[in-house]
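Containing mmCIF, C-alpha atoms and all ligand atoms: structure.cif.
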```
data_start
#
loop_
_atom_site.label_atom_id
_atom_site.label_comp_id
_atom_site.auth_asym_id
_atom_site.auth_seq_id
_atom_site.Cartn_x
_atom_site.Cartn_y
_atom_site.Cartn_z
CA MET A 365 256.28 20.26 73.18
CA SER A 366 255.34 19.14 69.67
CA THR A 367 257.40 20.63 66.90
CA THR A 368 255.26 19.19 64.10
CA ILE A 369 253.35 21.71 62.08
CA ALA A 370 249.69 21.03 61.52
CA PRO A 371 249.97 20.07 57.84
CA ASN A 372 247.75 22.84 56.53
CA LEU A 373 248.27 25.56 59.15
CA VAL A 374 251.24 27.25 57.47
CA ALA A 375 249.48 26.97 54.09
CA ALA A 376 246.35 28.57 55.53
CA VAL A 377 248.21 31.80 56.32
CA SER A 378 247.42 34.05 53.37
CA GLU A 379 250.18 36.45 52.33
CA ALA A 380 247.77 38.24 49.97
CA ARG A 381 244.94 38.64 52.48
CA GLN A 382 247.27 39.96 55.15
CA TRP A 383 248.97 42.38 52.77
CA ASP A 384 245.63 43.65 51.48
CA ARG A 385 244.51 44.37 55.04
CA LEU A 386 247.75 46.18 55.86
CA MET A 387 247.40 48.31 52.72
CA GLN A 388 243.72 49.07 53.45
CA LEU A 389 244.70 50.23 56.94
CA ALA A 390 247.57 52.27 55.47
CA LYS A 391 244.98 54.43 53.70
CA ILE A 392 243.55 55.53 57.07
CA GLY A 393 245.53 58.55 58.18
CA ALA A 394 247.78 58.28 55.12
CA ILE A 395 250.46 60.97 54.78
CA PRO A 396 252.87 61.69 51.87
CA GLY A 397 255.69 59.21 51.36
CA ASP A 398 253.58 56.11 52.10
CA GLY A 399 253.36 56.92 55.79
CA VAL A 400 250.53 57.17 58.27
CA ASN A 401 249.56 59.57 61.03
CA ARG A 402 247.05 57.71 63.20
CA PRO A 403 247.22 59.22 66.70
CA CYS A 404 245.65 57.20 69.52
CA LEU A 405 242.00 58.04 70.30
CA SER A 406 241.65 59.98 67.03
CA PRO A 407 238.91 59.54 64.41
CA GLU A 408 241.52 57.80 62.25
CA ASP A 409 242.30 55.40 65.10
CA ARG A 410 238.60 54.62 65.48
CA GLU A 411 238.16 54.09 61.74
CA ALA A 412 241.04 51.60 61.70
CA ARG A 413 239.61 49.81 64.75
CA ARG A 414 236.20 49.43 63.09
CA LEU A 415 237.81 47.91 60.00
CA PHE A 416 239.77 45.49 62.17
CA ILE A 417 236.67 44.55 64.20
CA GLY A 418 234.76 43.92 60.98
CA TRP A 419 237.39 41.48 59.76
CA GLY A 420 237.38 39.67 63.09
CA GLU A 421 233.61 39.45 63.44
CA ALA A 422 233.36 38.17 59.87
CA ILE A 423 235.23 35.03 60.96
CA GLY A 424 233.34 34.58 64.22
CA LEU A 425 235.55 36.42 66.69
CA THR A 426 233.88 38.51 69.40
CA ALA A 427 235.01 42.08 70.09
CA SER A 428 235.38 43.74 73.47
CA ILE A 429 237.15 46.77 74.94
CA ASP A 430 238.26 47.70 78.44
CA GLN A 431 238.18 51.09 80.20
CA LEU A 432 241.45 52.15 78.58
CA GLY A 433 240.08 51.26 75.13
CA ASN A 434 242.31 48.21 74.74
CA LEU A 435 240.57 46.26 71.97
CA PHE A 436 240.23 42.45 71.95
CA LEU A 437 238.97 39.98 69.33
CA ARG A 438 238.36 36.59 70.96
CA HIS A 439 238.63 33.14 69.38
CA GLU A 440 236.92 30.68 71.72
CA GLY A 441 238.71 27.57 72.92
CA THR A 442 237.26 24.19 73.84
CA ASP A 443 238.01 24.72 77.55
CA LEU A 444 235.87 27.65 78.57
CA THR A 445 237.71 27.98 81.87
CA ALA A 446 241.22 28.09 80.37
CA ALA A 447 243.25 31.30 80.56
CA PRO A 448 243.64 32.79 77.07
CA VAL A 449 246.73 33.21 74.95
CA LEU A 450 247.04 36.87 73.92
CA SER A 451 248.66 38.11 70.73
CA GLY A 452 248.70 41.54 69.14
CA SER A 453 250.38 44.93 69.29
CA HIS A 454 249.28 48.57 68.89
CA MET A 455 247.22 50.34 66.20
CA ASP A 456 248.27 53.93 66.90
CA SER A 457 251.20 55.45 65.03
CA GLN A 458 253.81 58.14 65.34
CA PRO A 459 252.91 61.54 63.77
CA LYS A 460 255.20 60.68 60.85
CA GLY A 461 254.81 56.96 61.19
CA GLY A 462 255.04 53.99 58.88
CA ARG A 463 252.57 51.42 57.60
CA PHE A 464 253.90 48.55 59.76
CA ASP A 465 254.98 49.67 63.26
CA GLY A 466 252.45 48.10 65.62
CA ILE A 467 249.65 47.44 63.15
CA TYR A 468 251.61 44.58 61.58
CA GLY A 469 251.51 42.66 64.87
CA VAL A 470 247.76 43.18 65.21
CA ILE A 471 247.03 42.02 61.64
CA ALA A 472 249.51 39.14 61.87
CA ALA A 473 247.70 37.90 64.99
CA LEU A 474 244.36 38.15 63.18
CA GLU A 475 245.84 36.30 60.20
CA ALA A 476 247.26 33.58 62.47
CA VAL A 477 243.91 33.03 64.19
CA GLN A 478 242.05 33.03 60.90
CA ALA A 479 244.51 30.47 59.51
CA LEU A 480 244.02 28.29 62.59
CA ARG A 481 240.26 28.35 62.10
CA GLU A 482 240.47 27.74 58.35
CA ALA A 483 242.89 24.88 58.95
CA GLY A 484 240.29 23.36 61.25
CA ILE A 485 242.62 23.45 64.25
CA THR A 486 240.75 23.65 67.54
CA THR A 487 242.53 25.04 70.56
CA LYS A 488 242.01 24.20 74.21
CA ARG A 489 242.61 27.79 75.22
CA PRO A 490 240.92 30.89 73.85
CA ILE A 491 243.15 33.18 71.80
CA GLU A 492 242.59 36.93 72.05
CA VAL A 493 243.93 39.28 69.40
CA VAL A 494 244.68 42.59 71.11
CA GLY A 495 245.13 46.18 69.94
CA TRP A 496 246.71 48.12 72.83
CA THR A 497 245.79 51.75 73.41
CA ASN A 498 248.48 54.43 73.01
CA GLU A 499 251.65 52.40 72.73
CA GLU A 500 253.48 55.20 70.93
CA GLY A 501 252.99 58.07 73.35
CA GLY A 502 253.12 60.37 70.33
CA ARG A 503 249.95 62.34 71.09
CA PHE A 504 249.82 61.71 74.84
CA ALA A 505 253.10 60.84 76.59
CA PRO A 506 254.12 58.35 77.82
CA GLY A 507 253.58 55.33 75.61
CA CYS A 508 252.16 51.96 76.63
CA MET A 509 249.32 53.45 78.68
CA GLY A 510 246.88 50.69 77.68
CA SER A 511 249.19 47.79 78.45
CA MET A 512 250.49 49.41 81.67
CA ALA A 513 246.93 49.81 82.97
CA TYR A 514 245.97 46.28 81.83
CA ALA A 515 248.97 44.86 83.70
CA GLY A 516 248.32 46.87 86.86
CA PHE A 517 251.69 48.59 86.36
CA ALA A 518 249.94 51.96 86.84
CA PRO A 519 246.41 52.93 87.96
CA PRO A 520 244.06 53.61 85.01
CA ASP A 521 243.64 57.29 86.01
CA THR A 522 247.40 57.95 86.15
CA TRP A 523 247.44 60.02 82.95
CA ASP A 524 244.08 61.80 83.16
CA ASP A 525 245.62 65.30 83.16
CA ILE A 526 248.21 64.71 80.43
CA ARG A 527 247.49 67.04 77.52
CA ASP A 528 248.23 66.78 73.80
CA ASN A 529 249.57 69.64 71.67
CA ALA A 530 246.04 70.96 71.24
CA GLY A 531 245.58 71.09 75.01
CA ILE A 532 243.11 68.21 75.09
CA ALA A 533 243.33 66.17 78.30
CA TRP A 534 243.77 62.39 78.08
CA ALA A 535 240.70 61.81 80.28
CA ASP A 536 238.52 63.83 77.90
CA ALA A 537 239.89 62.17 74.77
CA LEU A 538 239.41 58.73 76.33
CA ARG A 539 235.86 59.56 77.44
CA GLU A 540 234.99 60.69 73.90
CA HIS A 541 236.58 57.55 72.48
CA LEU A 542 234.72 55.17 74.79
CA ALA A 543 231.45 56.94 74.01
CA ALA A 544 232.09 56.44 70.30
CA GLU A 545 232.67 52.73 70.97
CA ALA A 546 229.85 52.30 73.48
CA ASP A 547 228.31 49.61 71.23
CA ILE A 548 231.32 47.34 71.79
CA THR A 549 231.08 44.96 74.77
CA ARG A 550 232.94 46.32 77.79
CA ARG A 551 235.24 43.93 79.64
CA PRO A 552 237.11 44.05 82.98
CA LEU A 553 240.50 45.76 82.99
CA GLY A 554 243.19 43.12 82.60
CA VAL A 555 244.61 41.54 85.72
CA VAL A 556 243.30 44.45 87.79
CA GLU A 557 239.77 43.09 87.47
CA GLY A 558 240.27 39.69 85.86
CA PRO A 559 242.56 36.65 85.50
CA ALA A 560 246.02 36.72 83.93
CA PRO A 561 246.53 35.42 80.41
CA PHE A 562 248.35 32.12 79.90
CA ALA A 563 250.93 33.60 77.50
CA TYR A 564 251.54 36.61 75.25
CA VAL A 565 253.21 36.75 71.82
CA GLU A 566 253.76 39.89 69.74
CA ALA A 567 254.92 40.09 66.14
CA HIS A 568 256.62 43.36 65.13
CA ILE A 569 259.01 44.81 62.60
CA GLU A 570 262.55 44.98 64.00
CA GLN A 571 262.81 48.77 63.59
CA GLY A 572 266.55 48.24 63.20
CA PRO A 573 268.94 47.04 60.44
CA ILE A 574 270.28 43.78 61.87
CA LEU A 575 267.94 41.16 60.36
CA GLU A 576 268.21 42.75 56.91
CA GLN A 577 272.01 43.04 57.15
CA ARG A 578 272.22 39.37 58.17
CA ASP A 579 269.69 38.38 55.47
CA THR A 580 267.61 36.72 58.20
CA ASP A 581 263.85 36.16 57.99
CA ILE A 582 262.87 35.93 61.67
CA GLY A 583 264.13 37.60 64.85
CA VAL A 584 263.69 35.45 67.95
CA VAL A 585 263.46 38.33 70.41
CA THR A 586 265.26 37.73 73.71
CA GLY A 587 264.31 40.91 75.54
CA ILE A 588 263.87 44.70 75.52
CA GLN A 589 266.30 47.38 76.68
CA GLY A 590 265.31 49.70 79.51
CA SER A 591 263.66 53.06 78.83
CA ARG A 592 263.20 56.20 80.93
CA TRP A 593 261.22 59.23 79.74
CA PHE A 594 261.35 62.63 81.43
CA SER A 595 259.68 65.98 80.88
CA VAL A 596 261.82 69.02 81.78
CA GLU A 597 260.51 72.55 82.36
CA ILE A 598 262.89 75.53 82.44
CA HIS A 599 261.19 78.57 84.04
CA GLY A 600 262.50 82.11 83.43
CA ARG A 601 260.97 85.55 82.78
CA SER A 602 259.65 87.06 79.58
CA ASP A 603 261.31 90.35 78.57
CA HIS A 604 261.60 92.69 75.62
CA ALA A 605 264.20 91.35 73.16
CA GLY A 606 265.28 94.88 72.21
CA THR A 607 265.48 96.65 75.51
CA CYS A 608 266.27 94.14 78.22
CA PRO A 609 270.06 93.82 78.76
CA VAL A 610 271.24 90.23 78.37
CA GLY A 611 272.86 90.44 81.82
CA MET A 612 269.46 91.01 83.41
CA ARG A 613 267.59 88.21 81.64
CA GLN A 614 266.17 84.97 82.97
CA ASP A 615 266.21 83.45 79.51
CA ALA A 616 264.55 79.99 79.55
CA MET A 617 265.76 79.21 76.02
CA GLN A 618 269.42 79.89 76.75
CA ASP A 619 269.29 77.87 79.95
CA ALA A 620 267.50 75.02 78.17
CA ILE A 621 270.35 74.93 75.66
CA ARG A 622 272.84 74.82 78.55
CA ALA A 623 270.90 71.98 80.19
CA ILE A 624 270.68 69.90 77.00
CA THR A 625 274.38 70.46 76.30
CA ALA A 626 275.25 69.27 79.80
CA LEU A 627 272.96 66.23 79.41
CA ASN A 628 274.69 65.35 76.13
CA ALA A 629 277.95 65.20 78.06
CA LEU A 630 276.37 63.02 80.78
CA MET A 631 274.97 60.65 78.18
CA HIS A 632 278.05 60.47 75.95
CA ASP A 633 278.83 56.81 75.11
CA PRO A 634 281.80 56.10 72.78
CA THR A 635 280.48 52.55 72.28
CA ASP A 636 277.18 53.98 70.91
CA VAL A 637 275.03 51.59 72.95
CA LEU A 638 273.30 54.26 75.04
CA ARG A 639 270.35 56.06 73.41
CA PHE A 640 269.65 59.66 74.49
CA THR A 641 267.12 61.74 72.54
CA VAL A 642 265.62 65.20 72.97
CA ALA A 643 263.00 65.47 70.24
CA ARG A 644 260.08 67.43 71.62
CA MET A 645 260.37 71.09 72.64
CA GLU A 646 257.78 73.75 73.44
CA VAL A 647 258.76 77.39 73.87
CA PHE A 648 256.59 80.06 75.50
CA PRO A 649 255.51 82.71 74.68
CA ASN A 650 257.15 81.57 71.41
CA ALA A 651 257.48 85.08 69.99
CA SER A 652 260.70 86.14 68.28
CA ASN A 653 260.96 89.44 70.20
CA SER A 654 260.01 88.21 73.68
CA VAL A 655 262.59 86.41 75.79
CA ALA A 656 261.30 82.89 76.53
CA ASP A 657 259.90 82.44 80.03
CA LEU A 658 259.20 78.71 79.72
CA VAL A 659 260.82 75.93 77.71
CA ARG A 660 259.52 72.37 78.06
CA PHE A 661 261.52 69.53 76.49
CA SER A 662 261.38 65.74 76.44
CA ILE A 663 264.06 63.19 77.36
CA ASP A 664 264.02 59.66 75.97
CA PHE A 665 266.88 57.67 77.55
CA ARG A 666 267.50 53.95 76.96
CA HIS A 667 270.08 51.33 77.82
CA PRO A 668 270.18 47.51 78.00
CA ASP A 669 272.12 47.54 81.32
CA ASN A 670 269.93 48.47 84.28
CA ALA A 671 272.93 49.72 86.28
CA VAL A 672 273.62 52.33 83.58
CA LEU A 673 269.92 53.12 83.18
CA GLN A 674 269.65 53.87 86.91
CA ALA A 675 273.00 55.62 87.40
CA ARG A 676 272.79 57.98 84.41
CA GLY A 677 269.04 58.43 84.73
CA ASN A 678 269.33 59.39 88.38
CA ALA A 679 272.07 61.90 87.52
CA ILE A 680 269.85 63.86 85.13
CA GLU A 681 268.37 66.17 87.76
CA GLY A 682 271.72 67.20 89.23
CA VAL A 683 273.18 67.89 85.81
CA ILE A 684 270.24 70.11 84.86
CA ALA A 685 270.34 72.01 88.15
CA ALA A 686 274.10 72.63 87.85
CA SER A 687 273.84 73.83 84.24
CA LEU A 688 271.29 76.64 84.72
CA ARG A 689 272.43 80.27 85.07
CA HIS A 690 269.30 82.32 85.73
CA CYS A 691 266.29 80.01 85.61
CA SER A 692 264.61 77.38 87.75
CA TYR A 693 263.56 73.93 86.58
CA LYS A 694 260.96 71.22 87.15
CA LEU A 695 261.63 67.58 86.25
CA PHE A 696 258.97 64.90 85.83
CA GLU A 697 259.70 61.22 85.18
CA ARG A 698 256.96 60.02 82.84
CA PHE A 699 258.04 56.44 82.07
CA HIS A 700 260.44 53.99 83.69
CA ALA A 701 260.72 50.49 82.21
CA VAL A 702 263.71 48.40 83.30
CA PRO A 703 265.41 46.01 80.83
CA ALA A 704 263.12 43.03 80.23
CA VAL A 705 263.89 39.39 79.40
CA PHE A 706 261.37 37.17 77.61
CA ASP A 707 260.38 33.71 78.86
CA PRO A 708 262.12 30.65 77.35
CA LEU A 709 258.69 28.97 76.95
CA VAL A 710 257.83 31.52 74.26
CA VAL A 711 261.34 32.33 72.99
CA ASP A 712 262.08 28.65 72.38
CA ALA A 713 258.67 28.11 70.76
CA VAL A 714 259.39 30.95 68.33
CA GLN A 715 262.81 29.48 67.51
CA ARG A 716 261.38 25.97 66.99
CA ALA A 717 258.62 27.28 64.74
CA ALA A 718 261.03 29.28 62.57
CA ALA A 719 263.40 26.32 62.33
CA SER A 720 260.65 23.81 61.53
CA GLN A 721 259.39 26.09 58.76
CA GLY A 722 262.87 26.35 57.28
CA LEU A 723 263.15 30.09 57.96
CA SER A 724 266.50 31.70 58.74
CA HIS A 725 266.39 33.08 62.25
CA MET A 726 268.55 34.60 64.97
CA ARG A 727 268.17 35.68 68.57
CA ILE A 728 268.03 39.43 68.89
CA PRO A 729 267.26 42.02 71.61
CA SER A 730 264.80 44.85 71.01
CA GLY A 731 266.00 48.46 71.02
CA ALA A 732 262.40 49.68 70.83
CA PHE A 733 260.03 49.27 73.74
CA HIS A 734 256.79 47.35 73.29
CA ASP A 735 253.60 46.56 75.16
CA SER A 736 254.99 43.03 75.57
CA GLN A 737 257.36 44.18 78.31
CA PHE A 738 254.41 44.89 80.60
CA MET A 739 253.04 41.41 79.99
CA ILE A 740 256.22 39.75 81.32
CA PRO A 741 255.23 39.91 85.02
CA LEU A 742 251.81 38.43 84.14
CA CYS A 743 252.67 35.46 81.95
CA PRO A 744 255.33 33.91 79.68
CA SER A 745 255.82 36.48 76.92
CA GLY A 746 257.86 36.86 73.78
CA MET A 747 258.14 38.52 70.39
CA ILE A 748 258.75 37.69 66.74
CA PHE A 749 260.62 40.23 64.60
CA ILE A 750 260.62 40.53 60.83
CA PRO A 751 263.12 42.64 58.89
CA CYS A 752 262.28 46.18 57.77
CA ARG A 753 264.02 47.96 54.89
CA GLY A 754 267.17 49.74 56.02
CA GLY A 755 265.97 49.37 59.61
CA VAL A 756 263.94 52.54 59.06
CA SER A 757 260.96 53.16 61.38
CA HIS A 758 259.06 56.10 62.87
CA ASN A 759 259.33 57.41 59.31
CA PRO A 760 256.95 57.21 56.30
CA ALA A 761 259.58 55.18 54.42
CA GLU A 762 259.19 52.27 56.88
CA TYR A 763 258.70 49.07 54.83
CA ALA A 764 258.45 45.32 55.30
CA SER A 765 257.90 42.95 52.37
CA PRO A 766 254.71 40.89 51.92
CA GLU A 767 256.87 37.78 52.11
CA HIS A 768 258.44 38.71 55.44
CA CYS A 769 255.06 39.79 56.84
CA ALA A 770 253.66 36.36 55.89
CA ALA A 771 256.68 34.49 57.31
CA GLY A 772 256.18 36.26 60.63
CA ALA A 773 252.48 35.39 60.64
CA ARG A 774 253.24 31.71 59.88
CA VAL A 775 255.67 31.48 62.79
CA LEU A 776 253.11 33.27 64.98
CA ALA A 777 250.36 30.87 63.91
CA GLN A 778 252.45 27.85 64.88
CA VAL A 779 253.48 29.37 68.22
CA LEU A 780 249.87 30.30 69.07
CA ALA A 781 248.65 26.81 68.12
CA GLU A 782 251.27 25.31 70.40
CA LEU A 783 250.65 27.62 73.37
CA ALA A 784 246.87 27.45 73.07
CA ASN A 785 247.06 23.67 73.30
CA THR A 786 249.40 23.64 76.26
O1 LIG B 1 259.52 54.26 71.15
C1 LIG B 1 259.48 53.04 71.01
O2 LIG B 1 260.42 52.30 71.31
C2 LIG B 1 258.26 52.40 70.39
O3 LIG B 1 258.50 52.25 69.01
N1 LIG B 1 257.08 53.17 70.57
MN MN B 2 255.68 49.62 67.86
MN MN B 3 256.81 52.86 67.46
#
```

Can you dump the structure from the file as C-alpha cells?
Ligand code: HGY
Ligand code: MN
Ligand code: MN
Amino acid sequence: MSTTIAPNLVAAVSEARQWDRLMQLAKIGAIPGDGVNRPCLSPEDREARRLFIGWGEAIGLTASIDQLGNLFLRHEGTDLTAAPVLSGSHMDSQPKGGRFDGIYGVIAALEAVQALREAGITTKRPIEVVGWTNEEGGRFAPGCMGSMAYAGFAPPDTWDDIRDNAGIAWADALREHLAAEADITRRPLGVVEGPAPFAYVEAHIEQGPILEQRDTDIGVVTGIQGSRWFSVEIHGRSDHAGTCPVGMRQDAMQDAIRAITALNALMHDPTDVLRFTVARMEVFPNASNSVADLVRFSIDFRHPDNAVLQARGNAIEGVIAASLRHCSYKLFERFHAVPAVFDPLVVDAVQRAAASQGLSHMRIPSGAFHDSQFMIPLCPSGMIFIPCRGGVSHNPAEYASPEHCAAGARVLAQVLAELANT
C-alpha cells in the first residue's frame, strides 16, 4: 500500500472552510454555553441536513437517503461497479450536546472528499459521505438505529413503537421526516437491499482525556468497548401520601431506589473500568402527594471485556427482582453491542497516514459507542480520533481546536484516497 501523500492532497484540506462549516452548524439548535440540542428527526436536524446537502451538491456530490433517513453524499469513482468507501458519522446531538460529537466526522468526511476533488485526485471507487440517523438515542432510545438497520443488525421496523418524552412514536417521527425530505433521492437500505461497502472510516472527537493528556494529535482507534442498554419499569400502586400507612404501600419510587442501590453493588468495580449509568428516570403520576405507582429508569452498562459484559449484564434481572419489597418489575434490553475490534487494513492505514504527515499518534480504544461498530461485520472499518478539551463531551463545553479538526481531516483524506484506490 502506498504511503506517499499526493503532493497537494493534505494542502487542499482547508482548516478555515471546515471550521466555518462546523460553526455554521453549531448555530442550528444552539443552546447556552456554546452547546447544541439537535435531536434526531427534529426541524433542527433537518435544517442541518439541508445545509450539509447544499455544501455537497455545490461540489458535485449527489444526495440520497434510505428508509431510515440515513443521508449519503456520493463522490463518483472511475469504476462504476466498484463498492464504495463510506465515511461519516452522525448529525444528531445529545439534549445538552456539544458542537463536535458526531457532526465533526460528517464535516471532516465532506472536507476530505472536497480536498480530493480539488487536488485533482480521481478514485477508482466511489466515496460516500454518510450522516447516520439517531446515533445518540437521546430522543428515541436506543442509539445507532440508522446504522443498525443499514447493517441488517435489526429490522427497520424494530423501533416503531418507541416514544420520546412528548409521547411521539418513532414511526410517526420518521414518517414526518421522510415526507419532509421526499425531494431527496431514495436509495435501498444498506446491505439489506444492496451491496456491502468496501470499507468504512469515521473521524470523531475522543470524548475522553487521553489524547490531550498525552499531547497527541491523532488517535488510531483499535476498537470499541461493549455496551448494553436496559429499560426498567417498577410497578406499584398510587396512594394518598397523607393517609396511606407506609406499611401498606406499594411504593414504586422506594423500590426503584432499592433496585438502583443493589445494581450499584453489582456493578462496583474498584479498577474503575466498568461503566454503569442510570441517567433517565420517569415517575408517575409524578405528584408530590401521591405515592408513585410507576417508575421507569434507564441502564447504560459498558465494559471492554465481553465476559464481564455478559456476566454482569445477565445478573441485572435477578438483582432487581431480589431488591424489591412490594412492587413488580419489567425489564427490557434495548441495545446489546459486544466489544468490537477494527480491521488492520484501516487501522494501519490511519497509523501510516498520521506518521507520514508527521502527526503525533497513538493507538487507543473507544469508550463511546459509534455507528462504526455496526459496519465491522460488513467491511474493514476503523476510526480516527482527535483530542477534545478536558475530554469533555455530551456537554455544551465540548471543544476541539480548528487545528486538530484539520489534522483529523487530513489523515482521513489520505486514508480515503488510499482505500478508494485499492
Ligand atoms: O453514548 C455513546 O457512547 C455515544 O456517544 N452516543
Ligand atoms: Mn458520537
Ligand atoms: Mn455522543

Show me a table, sorted first by chain and then by increasing residue number, of the residues of region 402-481 of chain A having an atom at most 8 Å from region 498-501 of chain A, each with its shortest atom pair and the distance in Å to one decimal, counting only C-alpha atoms and written as JSON lines.
```
{"residue": "A:Cys404", "atom": "CA", "partner": "A:Asn498", "partner_atom": "CA", "distance": 5.3}
{"residue": "A:Leu405", "atom": "CA", "partner": "A:Asn498", "partner_atom": "CA", "distance": 7.9}
{"residue": "A:His454", "atom": "CA", "partner": "A:Glu499", "partner_atom": "CA", "distance": 5.9}
{"residue": "A:Asp456", "atom": "CA", "partner": "A:Asn498", "partner_atom": "CA", "distance": 6.1}
{"residue": "A:Ser457", "atom": "CA", "partner": "A:Glu500", "partner_atom": "CA", "distance": 6.3}
{"residue": "A:Gln458", "atom": "CA", "partner": "A:Glu500", "partner_atom": "CA", "distance": 6.3}
```

Just C-alpha atoms for this one: save the residues we selected as an mmCIF file, in the coordinates of the input.
```cif
data_model
loop_
_atom_site.group_PDB
_atom_site.id
_atom_site.type_symbol
_atom_site.label_atom_id
_atom_site.label_comp_id
_atom_site.auth_asym_id
_atom_site.auth_seq_id
_atom_site.Cartn_x
_atom_site.Cartn_y
_atom_site.Cartn_z
ATOM 1 C CA CYS A 404 245.650 57.200 69.520
ATOM 2 C CA LEU A 405 242.000 58.040 70.300
ATOM 3 C CA HIS A 454 249.280 48.570 68.890
ATOM 4 C CA ASP A 456 248.270 53.930 66.900
ATOM 5 C CA SER A 457 251.200 55.450 65.030
ATOM 6 C CA GLN A 458 253.810 58.140 65.340
#
```

Cut-off 10 Å, only C-alpha atoms and all ligand atoms, neighbours of ligand LIG 1 (chain B) as a PyMOL selection string:
chain A and resi 454+456-458+461+465-466+498-502+506-508+568-571+588-591+664+666+730-735+757-758

Work out how far apart CA of Trp496 (chain A) and CA of Glu576 (chain A) are and give it in Å to one decimal.
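Between CA of Trp496 (chain A) and CA of Glu576 (chain A) the gap works out to 27.3 Å.
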
With 6 Å of padding per side, what axis-aligned box (centre and edge lengths, Å, one decimal) covers all the listed atoms of region 607-620 of chain A? Give it as lines of an AutoDock Vina configuration file.
```
center_x = 268.7
center_y = 85.8
center_z = 79.5
size_x = 20.3
size_y = 33.6
size_z = 19.9
```

Could you give me, as a PyMOL selection string, the residues within 10 Å of Glu681 (chain A), counting all atoms listed in the file and dropping anything in the same chain fewer than 4 positions from it?
chain A and resi 596+623+627+676-677+685-686+693-696

For C-alpha atoms, I'd like the residues from the last selection saved as a PDB file, in the coordinates of the input.
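Output contents, as saved in part.pdb:
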```pdb
ATOM      1  CA  VAL A 596     261.820  69.020  81.780  1.00  0.00           C
ATOM      2  CA  ALA A 623     270.900  71.980  80.190  1.00  0.00           C
ATOM      3  CA  LEU A 627     272.960  66.230  79.410  1.00  0.00           C
ATOM      4  CA  ARG A 676     272.790  57.980  84.410  1.00  0.00           C
ATOM      5  CA  GLY A 677     269.040  58.430  84.730  1.00  0.00           C
ATOM      6  CA  ALA A 685     270.340  72.010  88.150  1.00  0.00           C
ATOM      7  CA  ALA A 686     274.100  72.630  87.850  1.00  0.00           C
ATOM      8  CA  TYR A 693     263.560  73.930  86.580  1.00  0.00           C
ATOM      9  CA  LYS A 694     260.960  71.220  87.150  1.00  0.00           C
ATOM     10  CA  LEU A 695     261.630  67.580  86.250  1.00  0.00           C
ATOM     11  CA  PHE A 696     258.970  64.900  85.830  1.00  0.00           C
TER      12      PHE A 696
END
```

For each of A:Arg592, A:His700, A:His604, A:His690, take the minimum atom-to-atom distance to Asn653 (chain A), counting all atoms listed in the file, then give the residue where this is smallest.
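The answer is A:His604, which sits nearest to Asn653 (chain A).
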
Please determine, counting all atoms listed in the file, which residue among A:Asp615, A:Asp536, A:Glu492, A:Glu482 has the shortest atom-to-atom distance to Glu566 (chain A).
A:Glu492

If you count all atoms listed in the file, which residues fall within 9 Å of Ala626 (chain A), apart from same-chain ones fewer than 4 positions away, as number ranges by chain?
A: 621-622, 630-631, 683-684, 686-687

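All residues of protein, DNA or RNA that reach within 7 Å of Met747 (chain A), judged by all atoms listed in the file and not counting those fewer than 2 positions away in the chain, are Val565, Glu566, Ala567, Val584, Val585 and Phe749 of chain A.
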